[in-house]
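Asks: The structure is given below, and queries will be raised subsequently.
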Amino acid sequence: PLHGNAERVIQYARVLKKRGEITFDETWGYLHSPDLPSNTGMICDWSDVSGTLDMPTCTKGVCSGHKEDDLLPFEDLLESQGSTLYTNAEFYSLIDPLSEELPYAFDSFSYWEGCTDHNLLIEADSDVVELTSWEKLFGKSWGVM
């Protein structure tokens, strides 16, 4: 469950930032690095491929979906969304750990059973306060994921 773990870490960083405990730059950016082995600089359209030996139509470009205003192909994430698509920026705002629309919450951030010593802060400075629950953070409780 890579995406869930990544979301948990990002939410944790956002909480620590809101509490003034870390600096966390949330400026949107997407760096298209030509040095990555998986980066061919090509976008391929596979929609007309039907046979096993057919090849897609490819053009030079950057894959869509990474920029701030690119639309995500998901509908009905929330009842209020309907068939309207969210941009990356809108979805990032939606999953803010303090969002009233977020239909779930993680039960803890710093305690993580899958990590060595069950703690996300083992490498962090000892001045960082460990956060363990929503009630300790904000005095209110949401559903637990």
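Convention: chains lettered A, B, ... in structure tokens order; per-chain residue numbering from 1; ligands numbered from 1 as shown.
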Could you list, as a ChimeraX atom specification, every residue within 12 Å of Ala89 in chain A, counting only C-alpha atoms and ignoring same-chain residues fewer than 6 positions away?

Replies: /A:26-29,65-72,95-96

Asks: Compile the contact shell of Leu85 in chain A as a PyMOL selection string: residues with an atom at most 10 Å away, counting only C-alpha atoms, same-chain residues fewer than 5 positions apart removed.

Replies: chain A and resi 70-77+90-91

Asks: Take CA of Ile10 in chain A and CA of Ile43 in chain A and report the distance between them in Å, one decimal.

Replies: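 Those two atoms sit 28.9 Å apart.
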
Asks: Pick the closest to Thr59 in chain A from A:Phe24, A:Ser47, A:Thr40, A:Ala6: which is it, counting only C-alpha atoms?

Replies: A:Thr40

Asks: Quick one: pull the distance between CA of Leu16 in chain A and CA of Glu101 in chain A, Å, one decimal.

Replies: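 CA of Glu101 in chain A lies at a distance of 20.3 Å from CA of Leu16 in chain A.
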
Asks: So how far away is CA of Tyr12 in chain A from CA of Asp107 in chain A, in Å?

Replies: 11.4 Å

Asks: Counting only C-alpha atoms, figure out which residue out of A:Cys63, A:Leu53, A:Ala13, A:Ile22 gets nearest to Asn39 in chain A.

Replies: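 For Asn39 in chain A, the nearest of the candidates is A:Cys63.
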